[in-house]
$ cat work09.txt   # compact mmCIF, N, CA and C atoms
# COMPACT_ATOMS: atom_id res chain seq x y z
N GLN A 27 -43.25 62.29 -23.35
CA GLN A 27 -44.55 61.68 -23.60
C GLN A 27 -44.43 60.16 -23.50
N LEU A 28 -45.40 59.57 -22.89
CA LEU A 28 -45.40 58.13 -22.70
C LEU A 28 -46.44 57.50 -23.63
N GLN A 29 -46.08 56.40 -24.28
CA GLN A 29 -47.03 55.65 -25.09
C GLN A 29 -47.25 54.29 -24.44
N LEU A 30 -48.50 53.86 -24.47
CA LEU A 30 -48.87 52.57 -23.92
C LEU A 30 -49.45 51.71 -25.03
N VAL A 31 -48.89 50.53 -25.20
CA VAL A 31 -49.36 49.61 -26.23
C VAL A 31 -49.92 48.37 -25.55
N VAL A 32 -51.18 48.11 -25.83
CA VAL A 32 -51.88 46.99 -25.23
C VAL A 32 -51.98 45.84 -26.22
N SER A 33 -51.76 44.65 -25.75
CA SER A 33 -51.88 43.48 -26.61
C SER A 33 -52.38 42.29 -25.79
N GLY A 34 -52.84 41.25 -26.50
CA GLY A 34 -53.20 40.01 -25.84
C GLY A 34 -54.68 39.70 -25.79
N GLY A 35 -55.52 40.58 -26.30
CA GLY A 35 -56.95 40.29 -26.28
C GLY A 35 -57.32 39.16 -27.22
N GLY A 36 -58.56 38.73 -27.13
CA GLY A 36 -59.04 37.68 -28.02
C GLY A 36 -60.30 37.02 -27.51
N LEU A 37 -60.59 35.88 -28.11
CA LEU A 37 -61.78 35.10 -27.75
C LEU A 37 -61.36 33.94 -26.86
N VAL A 38 -62.05 33.75 -25.77
CA VAL A 38 -61.73 32.66 -24.85
C VAL A 38 -63.03 32.09 -24.31
N GLN A 39 -63.02 30.81 -24.03
CA GLN A 39 -64.21 30.16 -23.49
C GLN A 39 -64.36 30.45 -22.01
N PRO A 40 -65.58 30.42 -21.51
CA PRO A 40 -65.79 30.59 -20.06
C PRO A 40 -64.94 29.61 -19.27
N GLY A 41 -64.35 30.12 -18.21
CA GLY A 41 -63.45 29.30 -17.40
C GLY A 41 -62.02 29.33 -17.88
N GLY A 42 -61.78 29.92 -19.03
CA GLY A 42 -60.44 29.98 -19.58
C GLY A 42 -59.61 31.12 -19.02
N SER A 43 -58.40 31.25 -19.57
CA SER A 43 -57.46 32.26 -19.11
C SER A 43 -56.93 33.08 -20.27
N LEU A 44 -56.48 34.28 -19.96
CA LEU A 44 -55.92 35.17 -20.97
C LEU A 44 -54.98 36.13 -20.26
N ILE A 45 -53.91 36.53 -20.95
CA ILE A 45 -52.98 37.50 -20.39
C ILE A 45 -52.90 38.70 -21.31
N LEU A 46 -53.17 39.87 -20.76
CA LEU A 46 -53.01 41.12 -21.49
C LEU A 46 -51.68 41.75 -21.09
N SER A 47 -51.07 42.46 -22.05
CA SER A 47 -49.82 43.16 -21.79
C SER A 47 -50.00 44.64 -22.07
N CYS A 48 -49.36 45.45 -21.26
CA CYS A 48 -49.34 46.89 -21.45
C CYS A 48 -47.87 47.31 -21.44
N ALA A 49 -47.35 47.61 -22.63
CA ALA A 49 -45.94 47.97 -22.76
C ALA A 49 -45.80 49.48 -22.90
N ALA A 50 -44.94 50.06 -22.07
CA ALA A 50 -44.72 51.50 -22.08
C ALA A 50 -43.49 51.83 -22.89
N SER A 51 -43.58 52.89 -23.66
CA SER A 51 -42.42 53.38 -24.40
C SER A 51 -42.42 54.91 -24.34
N GLY A 52 -41.29 55.50 -24.67
CA GLY A 52 -41.18 56.94 -24.57
C GLY A 52 -40.40 57.29 -23.33
N PHE A 53 -40.96 58.12 -22.49
CA PHE A 53 -40.28 58.58 -21.29
C PHE A 53 -40.41 57.52 -20.19
N THR A 54 -39.54 56.53 -20.23
CA THR A 54 -39.65 55.42 -19.30
C THR A 54 -38.50 55.38 -18.30
N SER A 55 -37.81 56.52 -18.12
CA SER A 55 -36.71 56.51 -17.17
C SER A 55 -37.20 56.48 -15.74
N VAL A 56 -38.47 56.79 -15.54
CA VAL A 56 -39.09 56.61 -14.24
C VAL A 56 -40.22 55.60 -14.40
N TYR A 57 -40.61 55.02 -13.28
CA TYR A 57 -41.67 54.04 -13.34
C TYR A 57 -43.00 54.71 -13.05
N TYR A 58 -44.04 54.18 -13.60
CA TYR A 58 -45.36 54.74 -13.49
C TYR A 58 -46.31 53.77 -12.79
N ALA A 59 -47.26 54.33 -12.06
CA ALA A 59 -48.39 53.50 -11.62
C ALA A 59 -49.19 53.14 -12.87
N ILE A 60 -49.67 51.92 -12.94
CA ILE A 60 -50.42 51.44 -14.09
C ILE A 60 -51.76 50.89 -13.64
N GLY A 61 -52.79 51.18 -14.38
CA GLY A 61 -54.11 50.65 -14.09
C GLY A 61 -54.71 49.98 -15.32
N TRP A 62 -55.64 49.10 -15.06
CA TRP A 62 -56.42 48.49 -16.14
C TRP A 62 -57.89 48.85 -15.95
N PHE A 63 -58.51 49.26 -17.05
CA PHE A 63 -59.93 49.56 -17.07
C PHE A 63 -60.58 48.71 -18.15
N ARG A 64 -61.90 48.57 -18.05
CA ARG A 64 -62.62 47.88 -19.11
C ARG A 64 -63.95 48.58 -19.35
N HIS A 65 -64.44 48.43 -20.56
CA HIS A 65 -65.70 49.07 -20.94
C HIS A 65 -66.49 48.08 -21.79
N ALA A 66 -67.62 47.67 -21.26
CA ALA A 66 -68.50 46.76 -21.97
C ALA A 66 -69.68 47.55 -22.54
N PRO A 67 -70.23 47.11 -23.66
CA PRO A 67 -71.38 47.81 -24.25
C PRO A 67 -72.53 47.91 -23.27
N GLY A 68 -73.09 49.11 -23.16
CA GLY A 68 -74.23 49.31 -22.29
C GLY A 68 -73.89 49.43 -20.82
N LYS A 69 -72.60 49.37 -20.49
CA LYS A 69 -72.19 49.47 -19.09
C LYS A 69 -71.23 50.64 -18.92
N GLU A 70 -71.09 51.08 -17.69
CA GLU A 70 -70.12 52.13 -17.40
C GLU A 70 -68.71 51.54 -17.41
N ARG A 71 -67.75 52.39 -17.70
CA ARG A 71 -66.36 51.97 -17.65
C ARG A 71 -66.01 51.57 -16.21
N GLU A 72 -65.26 50.51 -16.08
CA GLU A 72 -64.95 49.96 -14.76
C GLU A 72 -63.45 49.85 -14.57
N GLY A 73 -62.97 50.33 -13.45
CA GLY A 73 -61.57 50.13 -13.08
C GLY A 73 -61.40 48.70 -12.62
N VAL A 74 -60.48 47.97 -13.22
CA VAL A 74 -60.30 46.56 -12.94
C VAL A 74 -59.20 46.33 -11.91
N SER A 75 -58.06 47.00 -12.12
CA SER A 75 -56.93 46.76 -11.25
C SER A 75 -55.92 47.88 -11.37
N CYS A 76 -55.02 47.93 -10.39
CA CYS A 76 -54.00 48.98 -10.38
C CYS A 76 -52.75 48.43 -9.68
N ILE A 77 -51.58 48.88 -10.13
CA ILE A 77 -50.34 48.52 -9.45
C ILE A 77 -49.48 49.77 -9.35
N SER A 78 -48.85 49.96 -8.20
CA SER A 78 -48.02 51.14 -7.99
C SER A 78 -46.72 51.02 -8.80
N SER A 79 -45.96 52.12 -8.83
CA SER A 79 -44.78 52.19 -9.70
C SER A 79 -43.74 51.11 -9.40
N THR A 80 -43.59 50.75 -8.15
CA THR A 80 -42.61 49.72 -7.79
C THR A 80 -43.24 48.35 -7.62
N GLY A 81 -44.54 48.29 -7.74
CA GLY A 81 -45.23 47.02 -7.59
C GLY A 81 -45.59 46.67 -6.16
N GLY A 82 -45.30 47.58 -5.23
CA GLY A 82 -45.54 47.27 -3.83
C GLY A 82 -47.00 47.30 -3.44
N MET A 83 -47.82 48.01 -4.19
CA MET A 83 -49.24 48.11 -3.88
C MET A 83 -50.05 47.70 -5.10
N THR A 84 -51.07 46.90 -4.87
CA THR A 84 -52.01 46.53 -5.92
C THR A 84 -53.43 46.70 -5.40
N ASN A 85 -54.35 46.84 -6.30
CA ASN A 85 -55.75 46.99 -5.95
C ASN A 85 -56.59 46.32 -7.04
N TYR A 86 -57.70 45.72 -6.64
CA TYR A 86 -58.55 45.00 -7.59
C TYR A 86 -60.01 45.34 -7.35
N ALA A 87 -60.76 45.35 -8.43
CA ALA A 87 -62.21 45.47 -8.31
C ALA A 87 -62.76 44.18 -7.68
N ASP A 88 -63.82 44.31 -6.94
CA ASP A 88 -64.42 43.14 -6.29
C ASP A 88 -64.81 42.08 -7.32
N SER A 89 -65.20 42.53 -8.50
CA SER A 89 -65.67 41.61 -9.54
C SER A 89 -64.57 40.70 -10.07
N VAL A 90 -63.30 41.05 -9.83
CA VAL A 90 -62.21 40.24 -10.38
C VAL A 90 -61.27 39.69 -9.31
N LYS A 91 -61.48 40.04 -8.08
CA LYS A 91 -60.61 39.55 -7.01
C LYS A 91 -60.57 38.04 -6.97
N GLY A 92 -59.36 37.52 -6.84
CA GLY A 92 -59.18 36.08 -6.81
C GLY A 92 -59.09 35.45 -8.19
N ARG A 93 -59.39 36.21 -9.22
CA ARG A 93 -59.33 35.69 -10.60
C ARG A 93 -58.28 36.40 -11.45
N PHE A 94 -58.07 37.68 -11.19
CA PHE A 94 -57.12 38.48 -11.98
C PHE A 94 -55.93 38.85 -11.10
N THR A 95 -54.75 38.94 -11.71
CA THR A 95 -53.58 39.49 -11.04
C THR A 95 -52.89 40.48 -11.97
N ILE A 96 -52.09 41.38 -11.40
CA ILE A 96 -51.47 42.46 -12.17
C ILE A 96 -49.97 42.52 -11.89
N PRO A 97 -49.20 41.58 -12.40
CA PRO A 97 -47.74 41.64 -12.20
C PRO A 97 -47.11 42.66 -13.13
N ARG A 98 -45.95 43.13 -12.77
CA ARG A 98 -45.24 44.06 -13.64
C ARG A 98 -43.78 43.66 -13.73
N ASP A 99 -43.19 43.95 -14.87
CA ASP A 99 -41.77 43.70 -15.11
C ASP A 99 -41.16 45.04 -15.51
N ASN A 100 -40.58 45.75 -14.55
CA ASN A 100 -40.06 47.08 -14.84
C ASN A 100 -38.86 47.04 -15.78
N ALA A 101 -38.15 45.95 -15.81
CA ALA A 101 -37.02 45.83 -16.73
C ALA A 101 -37.50 45.85 -18.18
N LYS A 102 -38.74 45.39 -18.38
CA LYS A 102 -39.33 45.38 -19.72
C LYS A 102 -40.35 46.50 -19.91
N ASN A 103 -40.50 47.34 -18.88
CA ASN A 103 -41.51 48.42 -18.94
C ASN A 103 -42.88 47.88 -19.32
N THR A 104 -43.22 46.75 -18.75
CA THR A 104 -44.46 46.09 -19.11
C THR A 104 -45.24 45.68 -17.86
N VAL A 105 -46.53 45.90 -17.91
CA VAL A 105 -47.44 45.43 -16.87
C VAL A 105 -48.42 44.48 -17.54
N TYR A 106 -48.76 43.43 -16.82
CA TYR A 106 -49.65 42.40 -17.36
C TYR A 106 -50.97 42.37 -16.59
N LEU A 107 -51.98 41.86 -17.21
CA LEU A 107 -53.22 41.54 -16.52
C LEU A 107 -53.47 40.07 -16.79
N GLN A 108 -53.22 39.26 -15.78
CA GLN A 108 -53.42 37.82 -15.90
C GLN A 108 -54.85 37.51 -15.47
N MET A 109 -55.61 37.00 -16.39
CA MET A 109 -57.03 36.76 -16.15
C MET A 109 -57.30 35.26 -16.20
N SER A 110 -57.96 34.75 -15.18
CA SER A 110 -58.31 33.34 -15.15
C SER A 110 -59.77 33.19 -14.72
N SER A 111 -60.29 31.98 -14.86
CA SER A 111 -61.70 31.71 -14.53
C SER A 111 -62.61 32.76 -15.17
N LEU A 112 -62.36 33.02 -16.42
CA LEU A 112 -63.08 34.10 -17.10
C LEU A 112 -64.56 33.77 -17.25
N LYS A 113 -65.36 34.82 -17.15
CA LYS A 113 -66.81 34.72 -17.25
C LYS A 113 -67.31 35.56 -18.42
N PRO A 114 -68.46 35.24 -18.95
CA PRO A 114 -69.00 36.07 -20.04
C PRO A 114 -69.10 37.55 -19.67
N GLU A 115 -69.35 37.83 -18.41
CA GLU A 115 -69.45 39.23 -17.99
C GLU A 115 -68.11 39.96 -17.96
N ASP A 116 -67.01 39.24 -18.20
CA ASP A 116 -65.71 39.88 -18.34
C ASP A 116 -65.49 40.41 -19.75
N THR A 117 -66.41 40.11 -20.64
CA THR A 117 -66.31 40.59 -22.02
C THR A 117 -66.35 42.11 -22.05
N ALA A 118 -65.35 42.71 -22.67
CA ALA A 118 -65.23 44.16 -22.71
C ALA A 118 -64.00 44.55 -23.52
N ILE A 119 -63.88 45.83 -23.78
CA ILE A 119 -62.62 46.38 -24.28
C ILE A 119 -61.80 46.76 -23.07
N TYR A 120 -60.56 46.30 -23.03
CA TYR A 120 -59.67 46.54 -21.89
C TYR A 120 -58.62 47.58 -22.28
N TYR A 121 -58.40 48.53 -21.37
CA TYR A 121 -57.43 49.60 -21.57
C TYR A 121 -56.43 49.61 -20.42
N CYS A 122 -55.21 50.02 -20.70
CA CYS A 122 -54.31 50.29 -19.60
C CYS A 122 -54.07 51.79 -19.54
N VAL A 123 -53.77 52.26 -18.35
CA VAL A 123 -53.55 53.68 -18.09
C VAL A 123 -52.30 53.83 -17.25
N ALA A 124 -51.72 55.02 -17.28
CA ALA A 124 -50.51 55.27 -16.50
C ALA A 124 -50.55 56.66 -15.88
N ASP A 125 -49.84 56.79 -14.77
CA ASP A 125 -49.76 58.08 -14.09
C ASP A 125 -48.31 58.43 -13.80
N ARG A 126 -47.97 59.71 -13.95
CA ARG A 126 -46.59 60.16 -13.79
C ARG A 126 -46.14 60.24 -12.33
N ASN A 127 -47.08 60.25 -11.41
CA ASN A 127 -46.73 60.41 -10.01
C ASN A 127 -46.17 59.09 -9.45
N PRO A 128 -44.86 59.04 -9.18
CA PRO A 128 -44.28 57.78 -8.70
C PRO A 128 -44.73 57.43 -7.29
N TYR A 129 -45.40 58.38 -6.61
CA TYR A 129 -45.84 58.14 -5.24
C TYR A 129 -47.34 57.87 -5.15
N TYR A 130 -47.95 57.60 -6.28
CA TYR A 130 -49.35 57.24 -6.29
C TYR A 130 -49.46 55.74 -6.03
N TYR A 131 -50.18 55.36 -5.02
CA TYR A 131 -50.23 53.97 -4.58
C TYR A 131 -51.59 53.31 -4.81
N CYS A 132 -52.30 53.76 -5.79
CA CYS A 132 -53.54 53.13 -6.27
C CYS A 132 -54.76 53.38 -5.39
N SER A 133 -54.66 54.35 -4.51
CA SER A 133 -55.84 54.69 -3.71
C SER A 133 -56.88 55.35 -4.62
N GLY A 134 -58.10 54.85 -4.57
CA GLY A 134 -59.16 55.43 -5.38
C GLY A 134 -58.90 55.40 -6.86
N TYR A 135 -58.22 54.34 -7.33
CA TYR A 135 -57.78 54.31 -8.72
C TYR A 135 -58.93 54.35 -9.71
N GLN A 136 -60.09 53.87 -9.30
CA GLN A 136 -61.20 53.80 -10.25
C GLN A 136 -61.74 55.17 -10.63
N SER A 137 -61.53 56.16 -9.78
CA SER A 137 -62.00 57.51 -10.09
C SER A 137 -60.84 58.49 -10.23
N TYR A 138 -59.64 57.97 -10.24
CA TYR A 138 -58.45 58.81 -10.35
C TYR A 138 -58.32 59.36 -11.76
N THR A 139 -57.73 60.55 -11.87
CA THR A 139 -57.49 61.14 -13.18
C THR A 139 -56.11 60.70 -13.68
N TRP A 140 -56.11 59.76 -14.60
CA TRP A 140 -54.87 59.19 -15.11
C TRP A 140 -54.29 60.06 -16.21
N ASP A 141 -52.96 60.07 -16.31
CA ASP A 141 -52.29 60.94 -17.28
C ASP A 141 -52.29 60.37 -18.69
N TYR A 142 -52.16 59.07 -18.82
CA TYR A 142 -52.02 58.46 -20.14
C TYR A 142 -52.97 57.27 -20.29
N TRP A 143 -53.48 57.14 -21.52
CA TRP A 143 -54.36 56.00 -21.84
C TRP A 143 -53.79 55.27 -23.05
N GLY A 144 -53.80 53.95 -22.97
CA GLY A 144 -53.43 53.15 -24.12
C GLY A 144 -54.66 52.85 -24.97
N GLN A 145 -54.42 52.23 -26.12
CA GLN A 145 -55.56 51.84 -26.94
C GLN A 145 -56.20 50.60 -26.33
N GLY A 146 -57.39 50.30 -26.68
CA GLY A 146 -58.09 49.17 -26.09
C GLY A 146 -57.82 47.87 -26.84
N THR A 147 -58.08 46.77 -26.15
CA THR A 147 -58.05 45.47 -26.79
C THR A 147 -59.30 44.70 -26.39
N GLN A 148 -59.90 44.04 -27.34
CA GLN A 148 -61.16 43.35 -27.10
C GLN A 148 -60.92 42.00 -26.44
N VAL A 149 -61.64 41.75 -25.37
CA VAL A 149 -61.66 40.44 -24.74
C VAL A 149 -63.09 39.93 -24.80
N THR A 150 -63.28 38.79 -25.41
CA THR A 150 -64.61 38.19 -25.53
C THR A 150 -64.60 36.82 -24.88
N VAL A 151 -65.48 36.63 -23.92
CA VAL A 151 -65.60 35.35 -23.22
C VAL A 151 -66.92 34.72 -23.65
N SER A 152 -66.81 33.69 -24.43
CA SER A 152 -68.01 33.07 -25.00
C SER A 152 -67.72 31.65 -25.42
N SER A 153 -68.75 30.81 -25.32
CA SER A 153 -68.60 29.44 -25.78
C SER A 153 -69.07 29.30 -27.23
$ encode --input "work09.txt" --output "structure tokens"
Amino acid sequence: QLQLVVSGGGLVQPGGSLILSCAASGFTSVYYAIGWFRHAPGKEREGVSCISSTGGMTNYADSVKGRFTIPRDNAKNTVYLQMSSLKPEDTAIYYCVADRNPYYYCSGYQSYTWDYWGQGTQVTVSS
């Protein structure tokens, strides 16, 4: 069983930056594809980004392209979501997800059925 622990949320002003971390523990002898999702009140859940198990493939929602990046450090079993130029519409609860298939390369990640979900962390962008 894999556990995902999310950290790094908080309050940030518009135009600011924030880094979220998703640390995996448990069965980590293999690497997992990792995705980030967010859910804002009154809106549908949105897939934000995805990175393949080795980091060779990444995918981003149009709403965050050029502003967010998703680096991973497999030695630390951690994937990050680096967020910059934040906007009020980025306010949401952010979740990370993982999949056991090491050959999943983030195609259709927004509608993919992920195996594991971490707890959410609140990100609020407000002045």
$ select_by_dssp --input "work09.txt" --residues "chain A" --states "helix (DSSP H, G or I)" --output "list of chain:residue names"
A:Asn100, A:Ala101, A:Lys102, A:Pro114, A:Glu115, A:Asp116, A:Tyr135, A:Gln136, A:Ser137
$ atom_distance --input "work09.txt" --atom1 "atom CA of A:Gly146" --atom2 "atom CA of A:Ser89"
19.7 Å
$ select_by_dssp --input "work09.txt" --residues "stretch 54-144 of chain A" --states "strand (DSSP E)" --output "VMD selection string"
chain A and resid 59 to 65 72 to 77 84 to 86 94 to 95 98 to 99 104 to 109 118 to 125 142 to 143
$ residues_near_point --input "work09.txt" --point "(-52.9, 41.7, -10.6)" --cutoff "6 Å" --atoms "only N, CA and C atoms" --output "count of residues only"
6
$ atom_distance --input "work09.txt" --atom1 "atom N of A:Lys91" --atom2 "atom C of A:Asp141"
24.7 Å
$ closest_residue --input "work09.txt" --among "A:Ala101, A:Leu112, A:Val74, A:Ala66" --to "A:Gln39" --atoms "only N, CA and C atoms"
A:Leu112
$ atom_distance --input "work09.txt" --atom1 "atom CA of A:Ala49" --atom2 "atom CA of A:Ala118"
19.7 Å
$ closest_residue --input "work09.txt" --among "A:Val38, A:Ala87, A:Cys76, A:Ile60" --to "A:Thr117" --atoms "only C-alpha atoms"
A:Val38
$ residues_around --input "work09.txt" --residues "stretch 119-133 of chain A" --least-positions-apart "4" --cutoff "6 Å" --atoms "all atoms listed in the file" --output "ChimeraX atom specification"
/A:57-66,76,78-79,83,140-149
$ residues_around --input "work09.txt" --residues "stretch 41-47 of chain A" --least-positions-apart "4" --cutoff "7 Å" --atoms "only N, CA and C atoms" --output "PyMOL selection string"
chain A and resi 31-35+104-114
$ closest_residue --input "work09.txt" --among "A:Gln136, A:Gln27, A:Leu37, A:Ala50" --to "A:Ser75" --atoms "all atoms listed in the file"
A:Gln136
$ closest_residue --input "work09.txt" --among "A:Ser152, A:Gly68, A:Gly36, A:Arg98" --to "A:Thr80" --atoms "all atoms listed in the file"
A:Arg98
$ axis_aligned_box --input "work09.txt" --around "stretch 86-100 of chain A" --padding-each-side "4 Å" --output "AutoDock Vina command-line options"
--center_x -52.3 --center_y 41.3 --center_z -11.0 --size_x 34.8 --size_y 19.6 --size_z 17.5
